[in-house]
Structures are given as structure tokens and as C-alpha cells.
Amino acid sequence: MEKACLHDNESLLCTIHSNDANHQAENLINWQQQFDQLSRGRFVGLINEIHFPNIHVFREDTSQQLRQQCQIEEGSLWLGFSADNKNCRINNQATRSEQFLCRPGGHDFELLTPENFSIFGLVLHRSWLNQWLEQNDELADNAFDCLYLDGIAPQLIFSFRRYLSLLLQADGQRWSSLTQQLILKDAVFELLSLAQNAPVAAMAFAQRQRLMQRVKSYLHEADLSVPLTIDEICAAVHVSRRTLQYAFSECLGMSPKHYIKVIRLNQIRRALLQSEQQQTIAEVAFEHGFFHLGQFGQDYKNLFGENPQQTRHRYLSHS
């Protein structure tokens with residue numbers, strides 16, 4: 001991981017490089033995150049960010065498909081939108097690239113992002129959020145307890161995307177920190193004023209959402225050392241195999257079997273990166289339900305672009 005910060009007229013632009021999804025998840029300050037890599041290959045990540053007193057603005061670039069479990073600080077508000085016109089999913093719901101994703105602080109949410117994805121993010125601190133709500137007193141405190149905001153003109157999104165691109169470049173800050181905050185505040189407040197909360201999800205989506213939550217809870221409690229079958233999962237959550245396959249396809253874009261395998265491979269990677277880990281790689285693999293070590297090694301390398309021995313060696317060499 002490499003981190004470079006540039007002082008420019010009292011503001012601080014930081015650039016952070018990463019070659020591991022777990023490290024990428026840790027690089028955003030004041031976020032609680034866990035990333036699972038879902039697509040094959042070496043991971044390359046980049047964050048360009050500025051922490052102003054009342055707003056954190058950043059661009060995050062990731063090379064591989066990820067499942068991101070996220071939460072920001074209580075009392076704040078996160079807004080996110082695609083930096084490169086690619087779509088993602090939030091809480092299993094497909095979004096459009098021109099939508100502003102939206103989650104209040106203290107609430108867990110999940111992003112499923114594609115390969116080579118770039119996203120702009122803004123975290124508004126409580127003081128700014130309160131100020132905007134005071135100016136719009138017809139709205140309740142839970143006005144932004146939704147997944148995304150609609151009603152913003154494409155031209156306005158294009159202009160805002162261009163402004164953030166310039167702001168997050170080393171030579172893009174041509175004004176003082178205070179001036180940049182005022183410009184950013186005015187732009188964000190305008191976006192919030194024009195946006196409309198997303199409509200209530202259809203019943204079919206709500207049902208799929210509840211099903212996926214039951215599945216994830218079951219997988220969280222499952223014995224990792226025992227291979228899971230699809231029939232076992234179906235019996236545990238009381239649905240047919242067809243219904244389960246359809247829900248995974250709609251919500252995650254992959255089969256249940258593939259999802260379970262990549263989640264366990266990510267769990268193994270985290271175990272290999274623990275400094276107190278004394279087990280052999282084979283023992284860790286066995287404990288996570290992999291009994292064919294040759295196939296495990298191939299699956300691991302296909303997913304992460306390196307074999308398990310390289311993961312452990314690279315961590316030990318930096319510890």
C-alpha cells in the first residue's frame with residue numbers, strides 16, 4: 001500500500017494505492033467495511049480523497065468485481081455515483097449509472113460492483129446535514145433513509161462529475177480550501193434539493209431481499225469445515241432450488257455455488273493475512289471446506305492472481 005498526500009492551499013489531497021481488496025476496505029477513514037473479491041485476477045485499487053471539515057469527498061477505483069459490506073459514521077450521510085457510467089447493485093438492487101446512491105450513517109449496506117469500477121463518494125457530516133434539513137423543514141430526519149435519489153438532470157450530474165474529477169487531481173485545486181468547501185456545499189445542496197427519494201420497492205423485490213438475508217444469515221452461522229449443498233440451503237430457508245437460483249441471479253448475478261466458493265476463498269485469504277495465524281495453508285483450507293488442495297490452489301490463484309503461499313509470504317515480508 002502506498003499513500004501520498006499533497007498540501008495545496010490548506011486542503012489535503014491523498015492518493016492511496018492498494019494491491020489487496022482487504023487493504024482497500026481499510027483505506028477509507030471512518031468507514032466500517034469488508035470487501036470480498038468475486039472476479040478472477042490480481043486486485044488493483046486506488047483512492048483519491050480530500051477530508052474537508054464537514055465533508056469527505058473521494059474517488060475509488062477497483063479492478064475486480066467486489067462485494068462491499070459498508071457502514072459510515074452515525075449521523076452522517078453517504079452519497080455515491082458512478083464515475084465512469086457503469087452500473088452496480090446496492091442491497092441487491094440494480095441501479096443506473098446516473099443515480100445517486102444514498103445511505104444514512106449507522107446503517108449497514110452492501111455494494112456489488114463490477115470489474116474496473118470507479119465511484120465518486122461524498123460523506124456529509126451531521127452539521128451540514130442538519131443545516132440542509134433546516135432549510136427544508138418539510139422533510140423529516142429520515143428523509144434519506146433510501147437506497148438512491150432520482151430526479152437529477154443528466155447535465156447536472158455531468159457537470160458535478162467533471163467538477164469532482166478536477167477537484168481530486170493533484171493540479172486541480174486552484175482555489176483555497178474554504179472556497180472549495182463553499183463550492184462543494186452549494187453543489188451538494190442543489191443536488192439534494194432537486195432529488196426525489198426512490199419509490200417504494202416492488203413486493204417481488206422485497207421478497208427476494210428477505211430471502212437473500214435469510215441465506216446470508218444461514219451461511220454466516222454454517223460450519224465452514226463442512227461443504228454446503230444447494231439442497232441444504234434450500235431446506236434451511238424454505239425455498240425451491242429454482243427460487244434460490246433465480247434470487248441469486250437477480251440479486252448477485254451469480255449462482256449460489258459460485259457465491260459460496262468465492263466467499264470462502266475470501267475468508268481463507270483473510271485468515272492467511274492474520275499475523276497470529278500458525279496453521280498451515282492446508283489446515284486453513286480444510287477448515288473452510290476445501291478438501292482437494294490442488295483444486296483449491298487453482299481456484300485461489302484464479303480469483304486473486306497469486307497462490308496462497310505468495311499471499312502469506314507477502315504479508316510476512318511487510319509485517
# chains A, B, ... in the order shown; residues from 1 in each chain; ligands from 1
$ residues_around --residues "Thr113 of chain A" --least-positions-apart "6" --cutoff "12 Å" --atoms "only C-alpha atoms" --output "ChimeraX atom specification"
/A:35-39,60-69,81-82,86-95,97,119,252-253
$ residues_around --residues "Glu250 of chain A" --least-positions-apart "4" --cutoff "10 Å" --atoms "only C-alpha atoms" --output "PyMOL selection string"
chain A and resi 92-94+205+208+244-246+254-255
$ write_last_selection --atoms "N, CA, C and O atoms" --output "mmCIF file, in the first residue's frame"
data_model
loop_
_atom_site.group_PDB
_atom_site.id
_atom_site.type_symbol
_atom_site.label_atom_id
_atom_site.label_comp_id
_atom_site.auth_asym_id
_atom_site.auth_seq_id
_atom_site.Cartn_x
_atom_site.Cartn_y
_atom_site.Cartn_z
ATOM 1 N N ASN A 92 -28.577 -5.539 -3.169
ATOM 2 C CA ASN A 92 -29.100 -6.491 -4.167
ATOM 3 C C ASN A 92 -29.968 -5.853 -5.242
ATOM 4 O O ASN A 92 -30.503 -6.565 -6.095
ATOM 5 N N GLN A 93 -30.126 -4.556 -5.230
ATOM 6 C CA GLN A 93 -30.973 -3.899 -6.221
ATOM 7 C C GLN A 93 -30.108 -3.223 -7.285
ATOM 8 O O GLN A 93 -29.187 -2.461 -6.973
ATOM 9 N N ALA A 94 -30.399 -3.532 -8.555
ATOM 10 C CA ALA A 94 -29.651 -2.926 -9.655
ATOM 11 C C ALA A 94 -29.922 -1.428 -9.715
ATOM 12 O O ALA A 94 -31.042 -0.967 -9.474
ATOM 13 N N PHE A 205 -39.364 -7.618 -5.292
ATOM 14 C CA PHE A 205 -38.006 -7.309 -4.861
ATOM 15 C C PHE A 205 -37.877 -7.444 -3.348
ATOM 16 O O PHE A 205 -36.878 -7.970 -2.848
ATOM 17 N N ARG A 208 -37.415 -11.031 -2.488
ATOM 18 C CA ARG A 208 -36.069 -11.519 -2.796
ATOM 19 C C ARG A 208 -35.070 -11.007 -1.764
ATOM 20 O O ARG A 208 -34.154 -11.727 -1.363
ATOM 21 N N LEU A 244 -34.199 -20.252 -5.379
ATOM 22 C CA LEU A 244 -32.901 -19.835 -4.873
ATOM 23 C C LEU A 244 -31.990 -19.395 -6.014
ATOM 24 O O LEU A 244 -31.335 -18.345 -5.937
ATOM 25 N N GLN A 245 -31.940 -20.189 -7.080
ATOM 26 C CA GLN A 245 -31.104 -19.846 -8.227
ATOM 27 C C GLN A 245 -31.535 -18.508 -8.829
ATOM 28 O O GLN A 245 -30.692 -17.672 -9.178
ATOM 29 N N TYR A 246 -32.830 -18.300 -8.930
ATOM 30 C CA TYR A 246 -33.347 -17.063 -9.519
ATOM 31 C C TYR A 246 -32.991 -15.855 -8.649
ATOM 32 O O TYR A 246 -32.593 -14.798 -9.156
ATOM 33 N N MET A 254 -24.876 -14.188 -10.003
ATOM 34 C CA MET A 254 -24.069 -15.413 -9.977
ATOM 35 C C MET A 254 -24.867 -16.533 -9.322
ATOM 36 O O MET A 254 -25.906 -16.285 -8.687
ATOM 37 N N SER A 255 -24.377 -17.746 -9.458
ATOM 38 C CA SER A 255 -25.059 -18.899 -8.876
ATOM 39 C C SER A 255 -24.739 -19.005 -7.385
ATOM 40 O O SER A 255 -23.706 -18.507 -6.926
#
$ select_by_dssp --residues "segment 1-89 of chain A" --states "helix (DSSP H, G or I)" --output "VMD selection string"
chain A and resid 21 to 26
$ atom_distance --atom1 "atom CA of Ala222 of chain A" --atom2 "atom CA of Phe291 of chain A"
17.1 Å
$ closest_residue --among "A:Leu167, A:Cys251, A:Val284, A:Ala21" --to "Arg264 of chain A" --atoms "only C-alpha atoms"
A:Val284
$ closest_residue --among "A:Tyr218, A:Asn22, A:Ile233, A:Arg161" --to "Ala271 of chain A" --atoms "only C-alpha atoms"
A:Asn22
$ atom_distance --atom1 "atom CA of Leu192 of chain A" --atom2 "atom CA of Gly151 of chain A"
9.7 Å
$ atom_distance --atom1 "atom CA of Asn302 of chain A" --atom2 "atom CA of Leu219 of chain A"
23.1 Å
$ residues_around --residues "segment 210-213 of chain A" --least-positions-apart "6" --cutoff "8 Å" --atoms "only C-alpha atoms" --output "PDB file with C-alpha atoms, in the first residue's frame"
ATOM      1  CA  VAL A 237     -34.518 -21.104   4.049  1.00  0.00           C
ATOM      2  CA  ALA A 247     -32.815 -14.897  -6.421  1.00  0.00           C
ATOM      3  CA  PHE A 248     -29.025 -15.213  -6.649  1.00  0.00           C
TER       4      PHE A 248
END
$ closest_residue --among "A:Ser177, A:Ala236, A:Asn130, A:Asp186" --to "Phe160 of chain A" --atoms "only C-alpha atoms"
A:Asp186
